[in-house]
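This report refers to the structure that appears directly beneath it.
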Amino acid sequence: MKFSLNWLRERVDIPADAEALAQRLTLSGLEVAGVETIGGALAGVIVARIAACEPHPNADRLKVCRVDTGNGEVQIVCGAPNARAGLVAPLAAVGAVLPGGTTIKAAKLRDVESRGMLCSAKELGIDADASGLMELPDDAPVGTPLADYLGLPDVAIEVELTPNRGDCLGMLGLADEVAAECGTQAKPFEAPGVAAAIAAPREIRLEAGADCPRYLGRAVRGIDMAAVTPAWMAQRLRMADVNPVNAVVDVTNYVMLETGQPLHAFDEAKLGGAIVVRRARDGERLKLLDGSDAELDTSYLLIADEARPLAVAGVMGGFESRVTDATRDVFLESAHFRPAAIIGRARKLGLNSDAAYRFERGVDPGLPRIAIERATALLTAIAGGGPGAIIEAAGPGQPPAREPIFLRRARIARVLGTAIDDGEVQRILTALGMAVEPQSAGWRVTPPSRRFDIGIEEDLIEEVARIHGYDGIPASLPGGRPPAPRDDESGVPVPEFAAALATRDYHEAICYAFVDPDLLETWRIGEDAVPLANPLSADLAVMRTSLVPGLVEALRRNRNRQQVRVRLFESGVVFARRADAAPAETAMLAAVACGSARAEQWGESRRALDFHDLKGDLESLLRLSGSPQAWSFDTVDLPPWLHPGRGARLLREGVAAGALGALHPALQQLLDLPETYAFEVTRDALSARAVPRTRRLPQVPSIRRDIAIEVDEAVEWGRIASAIRSELRTMLNELVLFDCFRGPGLSEGRKSLAMGLILQDSSRTLTDQDADRCVTDVVKLLERDFGAQLRG
């Protein structure tokens with residue numbers, strides 16, 4: 001938000017210069033990005049009129065102008081393309097020093113004398129426009145110093161606002177903020193109603209009332225499009241980096257800067273019937289004001305008539321219904337849109353508009369009537385015309401009333417660590433536009449409708465602390481003794497997992513918890529995403545539902561920078577929406593990898609990473625739990641981003657705890673990635689560790705028996721191992737798979753598994769008969785449950 005300091009001083013008394021004000025604003029949370037003095041060196045520059053303009057006799061691109069200075073005429077040689085007889089423009093007289101340091105001297109240009117210089121806005125340091133002479137209104141008083149006429153010098157201050165401070169995107173909100181900072185009071189803003197002079201009825205239908213709960217419109221007929229925007233208004237627009245266009249557009253932009261409420265003007269002659277606020281239809285197209293063609297879908301909110309779309313609501317108007325030089329009747333729009341209906345829409349269209357910037361952050365629902373009355377008064381004063389009555393369509397309870405918040409005196413002292421004087425608290429809150437009623441234990445405070453960021457008592461305390469000044473709150477250390485650190489052996493700390501992964505060549509990454517909704521849709525995991533009310537940008541609009549997409553994006557960026565072998569991991573929180581409760585937060589640990597299995601070296605040939613490499617990395621973490629036998633794998637209910645034939649689900653004690661495997665081929669192709677592997681596991685399940693306990697060493701030896709079986713290819717080792725452990729619960733000490741064979745001697749679709757059964761009984765030495773009986777029981781089990789055959 002860029003604004004004129006002179007304009008702000010009209011709204012509020014500021015007992016400080018520009019630099020002091022900028023410092024105070026920054027300390028209170030409105031960071032000032034720039035302070036620029038405009039028109040500070042315009043001595044000797046006056047308003048002048050070109051009385052006559054003739055071609056230069058010796059140069060095709062130059063003109064010889066006879067210029068009226070109000071005190072006689074001077075001859076000026078000028079090369080501006082818009083120099084013409086009757087034009088009123090700034091004249092730098094001989095001896096004047098322009099902002100760039102140029103001193104104006106009498107000179108001869110191609111043998112023709114020139115005594116001064118007609119100037120562009122850029123040469124005067126007023127604007128960036130250098131296309132020609134700065135054109136002033138015809139009624140500008142010739143001979144008047146330009147600085148006096150334009151209200152200069154002035155200071156342009158630019159503040160960078162956080163998304164929750166949309167209330168400061170207008171001079172009214174800024175005035176309250178500065179009044180609180182400076183200990184003054186903003187002057188009341190008056191926008192008296194303009195009586196209807198004509199009958200101009202029109203129906204307004206809110207077919208998307210949840211997204212547009214309030215819409216106001218008003219016709220103004222018989223305006224003069226040739227009317228010139230007043231110099232004071234044009235200058236304030238330029239100070240805010242808004243180029244003057246014509247009286248209608250300039251009035252809507254001016255009121256937006258003044259109140260914070262975006263407005264739009266349609267050419268009324270191009271409207272067909274009722275105004276309809278509705279959702280766009282898939283494939284619907286609209287040519288916008290900037291000439292671009294927008295292809296829309298149902299995510300966009302439209303302003304339409306009964307025949308066609310007119311504008312993308314809250315973003316930009318349509319080209320066909322725009323105001324032109326031929327316009328005589330306009331229809332003014334002033335509406336309130338729900339921020340969620342506007343967020344990200346401009347960016348999807350590749351646009352950046354002042355209206356979208358404000359509506360995305362939230363605009364005061366009470367402003368539409370005030371803004372349209374103010375715009376009507378300005379427009380009829382500048383361009384004439386007769387206004388119709390205001391037509392309003394609104395949902396029930398619009399504009400909504402704010403609920404009061406009780407602010408306790410003791411709570412302020414508890415949170416800030418210091419007491420704030422009652423008078424100071426009431427002054428701050430009143431200056432910020434809040435209704436304050438003193439109570440015995442504090443205050444009953446009703447925030448203004450524009451302050452969406454104030455909803456609880458702590459928000460009010462923050463406002464008090466911010467305006468009072470954080471430097472005025474004494475710093476003190478907390479009292480008491482810090483608790484002794486407790487080493488909890490029942491859980492594996494995250495640093496141990498990080499260290500284990502680091503030894504396997506993984507690097508830790510930290511990704512945003514906010515992600516692009518389109519990214520989650522690409523991964524097919526966006527159904528339960530939690531949307532943000534005021535996102536920083538459209539590509540950070542929802543909370544992540546998995547760590548893997550962010551890690552894969554980081555892997556892609558590394559791949560694009562010539563990193564062939566990439567291994568990344570992250571420990572963080574994911575979020576999921578719940579219908580009747582707050583969003584669920586789950587701590588997760590995830591990793592991604594691609595490239596070769598080992599770093600390049602001379603002692604081992606290069607081999608591509610595969611599923612078992614990643615599984616081995618994950619199992620190194622599972623062993624830290626001290627209960628590796630509690631973990632198992634299956635292929636049921638895999639996440640949609642996993643390869644259906646190279647993925648697995650991870651379970652602890654039969655409960656799903658994560659997944660691992662290769663990315664789905666379609667996803668890899670879409671992301672333009674080589675074969676990439678990933679795993680993700682819940683930290684609660686991963687961290688749970690059995691407390692180590694001593695036990696007596698076995699006094700008897702163990703016996704090992706090896707068997708080899710033939711089973712169908714589809715039979716998983718995990719199911720076989722689980723069945724054997726259940727069968728030999730008291731006798732089996734360890735089960736080892738030491739060979740898996742496919743090839744000659746086996747039927748098609750069959751595989752051979754060789755395993756070692758390590759048997760032991762803590763109370764006695766097992767005999768060969770005991771071991772043989774165990775083997776027989778296992779073989780029968782495998783034949784019955786898995787169709788296995790014992791190999792010779």
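As shown in the structure tokens, the chain order sets the letters A, B, ...; within each chain, residues go from 1, and ligands are also counted from 1 in the order they appear.
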
Find the spatial neighbours of Phe266 (chain A), counting only C-alpha atoms, within a cut-off of 7 Å - ignore same-chain residues fewer than 4 positions away - and output them as a PDB file with N, CA, C and O atoms, in the first residue's frame.
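File produced: part.pdb:
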```
ATOM      1  N   SER A 321     -17.966  -4.836 -21.597  1.00  0.00           N
ATOM      2  CA  SER A 321     -18.830  -3.942 -20.819  1.00  0.00           C
ATOM      3  C   SER A 321     -18.059  -2.778 -20.200  1.00  0.00           C
ATOM      4  O   SER A 321     -18.568  -2.094 -19.315  1.00  0.00           O
ATOM      5  N   ARG A 322     -16.868  -2.529 -20.696  1.00  0.00           N
ATOM      6  CA  ARG A 322     -16.021  -1.489 -20.123  1.00  0.00           C
ATOM      7  C   ARG A 322     -16.548  -0.088 -20.458  1.00  0.00           C
ATOM      8  O   ARG A 322     -17.325   0.100 -21.396  1.00  0.00           O
ATOM      9  N   VAL A 323     -16.084   0.883 -19.688  1.00  0.00           N
ATOM     10  CA  VAL A 323     -16.403   2.283 -19.944  1.00  0.00           C
ATOM     11  C   VAL A 323     -15.446   2.819 -21.006  1.00  0.00           C
ATOM     12  O   VAL A 323     -14.226   2.630 -20.907  1.00  0.00           O
ATOM     13  N   VAL A 330     -23.405   5.000 -16.808  1.00  0.00           N
ATOM     14  CA  VAL A 330     -22.600   3.967 -16.142  1.00  0.00           C
ATOM     15  C   VAL A 330     -23.423   3.310 -15.042  1.00  0.00           C
ATOM     16  O   VAL A 330     -24.383   3.889 -14.515  1.00  0.00           O
ATOM     17  N   PHE A 331     -23.044   2.082 -14.716  1.00  0.00           N
ATOM     18  CA  PHE A 331     -23.634   1.353 -13.600  1.00  0.00           C
ATOM     19  C   PHE A 331     -22.505   1.038 -12.621  1.00  0.00           C
ATOM     20  O   PHE A 331     -21.571   0.297 -12.940  1.00  0.00           O
ATOM     21  N   LEU A 332     -22.563   1.650 -11.448  1.00  0.00           N
ATOM     22  CA  LEU A 332     -21.527   1.467 -10.432  1.00  0.00           C
ATOM     23  C   LEU A 332     -21.813   0.221  -9.602  1.00  0.00           C
ATOM     24  O   LEU A 332     -22.953  -0.002  -9.183  1.00  0.00           O
TER      25      LEU A 332
END
```

Exercise for the section: Would you kindly return, as a list in words, each protein, DNA or RNA residue with an atom no farther than 9 Å from any atom of region 50-55 of chain A, considering only C-alpha atoms and excluding same-chain residues fewer than 6 positions away? Expected result: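 The contact residues come out as Arg61, Leu62, Lys63, Val64, Cys65, Arg66, Val67, Asp68, Thr69, Glu73, Ala83, Arg84, Ala85, Gly86, Leu87, Val88 and Ala89 of chain A.
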
Exercise for the section: Tell me, as number ranges by chain, which residues lie within 12 Å of Asn560 (chain A), counting only C-alpha atoms; anything in the same chain fewer than 5 positions away does not count. Expected result: A: 553-555, 565-566, 671-674

Exercise for the section: Name the residues of region 308-547 of chain A that come out as strand (DSSP E or B) in a backbone DSSP run; write them as a PyMOL selection string. Expected result: chain A and resi 309-312+316-318+329-336+386-387+391-394+405-408+435-438+442-446+491+507-508+514-515+531+542-543

Exercise for the section: Name all residues at most 9 Å from region 776-790 of chain A (count only C-alpha atoms; drop same-chain ones fewer than 6 positions away) and give them as a PyMOL selection string. Expected result: chain A and resi 707-712+715+720+723-724+727-728

Practice task
One decimal, Å: what's the distance from CA of Arg578 (chain A) over to CA of Gly526 (chain A), could you say?
Solution key: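 Distance reported for this atom pair: 13.3 Å.
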
Problem - Of the listed residues A:Ala581, A:Ile38, A:Arg556, A:Pro230, that which approaches Leu152 (chain A) most closely, counting only C-alpha atoms - result: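 Distance minimum relative to Leu152 (chain A) lands on A:Ile38.
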
Report the closest atom pair, with its distance in Å rounded to one decimal, for each residue of region 339-451 of chain A that has an atom no farther than 9 Å from region 291-306 of chain A; count only C-alpha atoms, sort by chain and then rising residue number, and write it as a Markdown table.
```
| residue | atom | partner | partner_atom | distance |
| --- | --- | --- | --- | --- |
| A:Ala341 | CA | A:Leu301 | CA | 6.9 |
| A:Ile342 | CA | A:Leu301 | CA | 7.6 |
| A:Arg345 | CA | A:Tyr300 | CA | 6.8 |
| A:Leu349 | CA | A:Ala294 | CA | 6.6 |
```

Exercise for the section: Would you work out the distance separating CA of Glu160 (chain A) from CA of Pro404 (chain A), expressed in Å to one decimal? Expected result: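 Here the two named atoms are 29.3 Å from each other.
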
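Non-sequential neighbours of region 168-170 of chain A (distance at most 7 Å, separation of 4 or more positions within a chain, only C-alpha atoms) are Met1, Leu174, Met256, Leu257, Glu258, Thr259 and Gly260 of chain A.
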
Those selected residues, please, written with N, CA and C atoms and delivered as a PDB file, in the first residue's frame.
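Now in result23.pdb:
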```pdb
ATOM      1  N   MET A   1       0.862  -1.187   0.000  1.00  0.00           N
ATOM      2  CA  MET A   1       0.000   0.000   0.000  1.00  0.00           C
ATOM      3  C   MET A   1       0.896   1.235   0.000  1.00  0.00           C
ATOM      4  N   LEU A 174      -5.887   3.399   7.677  1.00  0.00           N
ATOM      5  CA  LEU A 174      -4.562   3.942   7.999  1.00  0.00           C
ATOM      6  C   LEU A 174      -4.668   5.114   8.967  1.00  0.00           C
ATOM      7  N   MET A 256     -11.498   3.640  -3.827  1.00  0.00           N
ATOM      8  CA  MET A 256     -10.866   2.419  -3.326  1.00  0.00           C
ATOM      9  C   MET A 256      -9.687   2.769  -2.421  1.00  0.00           C
ATOM     10  N   LEU A 257      -8.852   3.709  -2.845  1.00  0.00           N
ATOM     11  CA  LEU A 257      -7.707   4.099  -2.022  1.00  0.00           C
ATOM     12  C   LEU A 257      -8.165   4.794  -0.747  1.00  0.00           C
ATOM     13  N   GLU A 258      -9.257   5.526  -0.832  1.00  0.00           N
ATOM     14  CA  GLU A 258      -9.731   6.281   0.317  1.00  0.00           C
ATOM     15  C   GLU A 258     -10.381   5.385   1.353  1.00  0.00           C
ATOM     16  N   THR A 259     -11.257   4.499   0.912  1.00  0.00           N
ATOM     17  CA  THR A 259     -12.033   3.692   1.860  1.00  0.00           C
ATOM     18  C   THR A 259     -11.523   2.271   2.005  1.00  0.00           C
ATOM     19  N   GLY A 260     -10.830   1.750   0.976  1.00  0.00           N
ATOM     20  CA  GLY A 260     -10.421   0.348   0.964  1.00  0.00           C
ATOM     21  C   GLY A 260     -11.410  -0.550   0.248  1.00  0.00           C
TER      22      GLY A 260
END
```

Practice task
Please provide as JSON, numbers by chain all residues within 7 Å of region 622-626 of chain A, with the sequence filter that same-chain residues fewer than 4 positions apart are discarded (counting only C-alpha atoms).
Solution key: {"A": [492, 618, 686, 687, 688, 689, 690]}

Dump as a PDB file, in the first residue's frame, selection limited to N, CA, C and O atoms:
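Final file, again.pdb:
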```
ATOM      1  N   VAL A 492      11.960 -43.218  21.173  1.00  0.00           N
ATOM      2  CA  VAL A 492      13.184 -42.885  20.441  1.00  0.00           C
ATOM      3  C   VAL A 492      13.102 -41.417  20.026  1.00  0.00           C
ATOM      4  O   VAL A 492      12.166 -41.028  19.319  1.00  0.00           O
ATOM      5  N   LEU A 618      14.560 -48.035   5.837  1.00  0.00           N
ATOM      6  CA  LEU A 618      13.464 -47.929   6.800  1.00  0.00           C
ATOM      7  C   LEU A 618      13.641 -48.920   7.945  1.00  0.00           C
ATOM      8  O   LEU A 618      13.418 -48.587   9.119  1.00  0.00           O
ATOM      9  N   LEU A 686       6.620 -45.089  15.243  1.00  0.00           N
ATOM     10  CA  LEU A 686       8.050 -45.319  15.034  1.00  0.00           C
ATOM     11  C   LEU A 686       8.848 -45.097  16.312  1.00  0.00           C
ATOM     12  O   LEU A 686       9.837 -45.793  16.575  1.00  0.00           O
ATOM     13  N   SER A 687       8.415 -44.136  17.125  1.00  0.00           N
ATOM     14  CA  SER A 687       9.213 -43.763  18.303  1.00  0.00           C
ATOM     15  C   SER A 687       8.986 -44.685  19.501  1.00  0.00           C
ATOM     16  O   SER A 687       9.832 -44.735  20.401  1.00  0.00           O
ATOM     17  N   ALA A 688       7.847 -45.364  19.531  1.00  0.00           N
ATOM     18  CA  ALA A 688       7.556 -46.215  20.697  1.00  0.00           C
ATOM     19  C   ALA A 688       8.625 -47.291  20.846  1.00  0.00           C
ATOM     20  O   ALA A 688       8.901 -48.046  19.917  1.00  0.00           O
ATOM     21  N   ARG A 689       9.231 -47.328  22.012  1.00  0.00           N
ATOM     22  CA  ARG A 689      10.340 -48.271  22.234  1.00  0.00           C
ATOM     23  C   ARG A 689      10.138 -48.990  23.572  1.00  0.00           C
ATOM     24  O   ARG A 689       9.817 -48.357  24.583  1.00  0.00           O
ATOM     25  N   ALA A 690      10.329 -50.274  23.544  1.00  0.00           N
ATOM     26  CA  ALA A 690      10.254 -51.055  24.784  1.00  0.00           C
ATOM     27  C   ALA A 690      11.466 -50.716  25.649  1.00  0.00           C
ATOM     28  O   ALA A 690      12.602 -50.682  25.162  1.00  0.00           O
TER      29      ALA A 690
END
```

Exercise for the section: Give the helix (DSSP H, G or I) residues of region 423-532 of chain A, as assigned by DSSP on the backbone, as an MDAnalysis selection string. Expected result: chainID A and resid 423:431 457:468 470:472 494:502 517:523

File of the preceding selection, C-alpha atoms, as a tab-separated table (two decimals), in the first residue's frame:
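Wrote it out as result-v6.tsv, contents follow:
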```tsv
chain	number	residue	atom	x	y	z
A	423	GLY	CA	-6.60	5.54	30.32
A	424	GLU	CA	-3.92	4.40	27.86
A	425	VAL	CA	-5.77	1.15	27.15
A	426	GLN	CA	-9.03	2.98	26.47
A	427	ARG	CA	-7.29	5.61	24.34
A	428	ILE	CA	-5.57	3.01	22.15
A	429	LEU	CA	-8.68	0.94	21.54
A	430	THR	CA	-10.87	3.99	20.89
A	431	ALA	CA	-8.34	5.46	18.45
A	457	GLU	CA	-9.20	-11.24	24.21
A	458	GLU	CA	-5.56	-11.93	23.30
A	459	ASP	CA	-6.05	-10.08	19.99
A	460	LEU	CA	-7.02	-6.95	21.94
A	461	ILE	CA	-4.01	-7.36	24.22
A	462	GLU	CA	-1.78	-7.57	21.15
A	463	GLU	CA	-3.26	-4.31	19.86
A	464	VAL	CA	-2.60	-2.60	23.20
A	465	ALA	CA	0.99	-3.87	23.31
A	466	ARG	CA	1.62	-2.97	19.67
A	467	ILE	CA	0.47	0.63	19.97
A	468	HIS	CA	1.81	1.16	23.50
A	470	TYR	CA	7.03	-3.19	22.71
A	471	ASP	CA	9.99	-1.08	23.81
A	472	GLY	CA	7.80	0.22	26.65
A	494	VAL	CA	13.82	-37.67	16.58
A	495	PRO	CA	17.56	-36.82	16.54
A	496	GLU	CA	18.34	-40.55	16.70
A	497	PHE	CA	16.29	-41.15	13.55
A	498	ALA	CA	17.98	-38.18	11.90
A	499	ALA	CA	21.42	-39.53	12.81
A	500	ALA	CA	20.54	-43.00	11.49
A	501	LEU	CA	19.38	-41.56	8.16
A	502	ALA	CA	22.39	-39.26	7.92
A	517	PRO	CA	-4.00	-27.18	-3.54
A	518	ASP	CA	-3.20	-28.20	-7.12
A	519	LEU	CA	-0.11	-30.07	-5.88
A	520	LEU	CA	-2.18	-32.20	-3.52
A	521	GLU	CA	-4.73	-32.85	-6.27
A	522	THR	CA	-1.90	-34.04	-8.52
A	523	TRP	CA	-0.93	-36.54	-5.80
```

Practice task
Record the distance separating CA of Gly645 (chain A) and CA of Leu670 (chain A), expressed in Å with one decimal.
Solution key: 18.7 Å

Handout entry: Nearby residues (only C-alpha atoms) at most 12 Å from Asp129 (chain A), same-chain spacing under 4 positions excluded, as a ChimeraX atom specification
Key = /A:119-125,133-135,238,241-244

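Comparing the minimum interatomic distances between Ile390 (chain A) and each of A:Gly317, A:Gly217, A:Pro137, A:Gly344, counting only C-alpha atoms, we find that A:Gly217 sits nearest.
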
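Here the question is which of A:Gly222, A:Gly273, A:Pro213, A:Gly572 gets nearest to Pro399 (chain A) using only C-alpha atoms, and that residue is A:Pro213.
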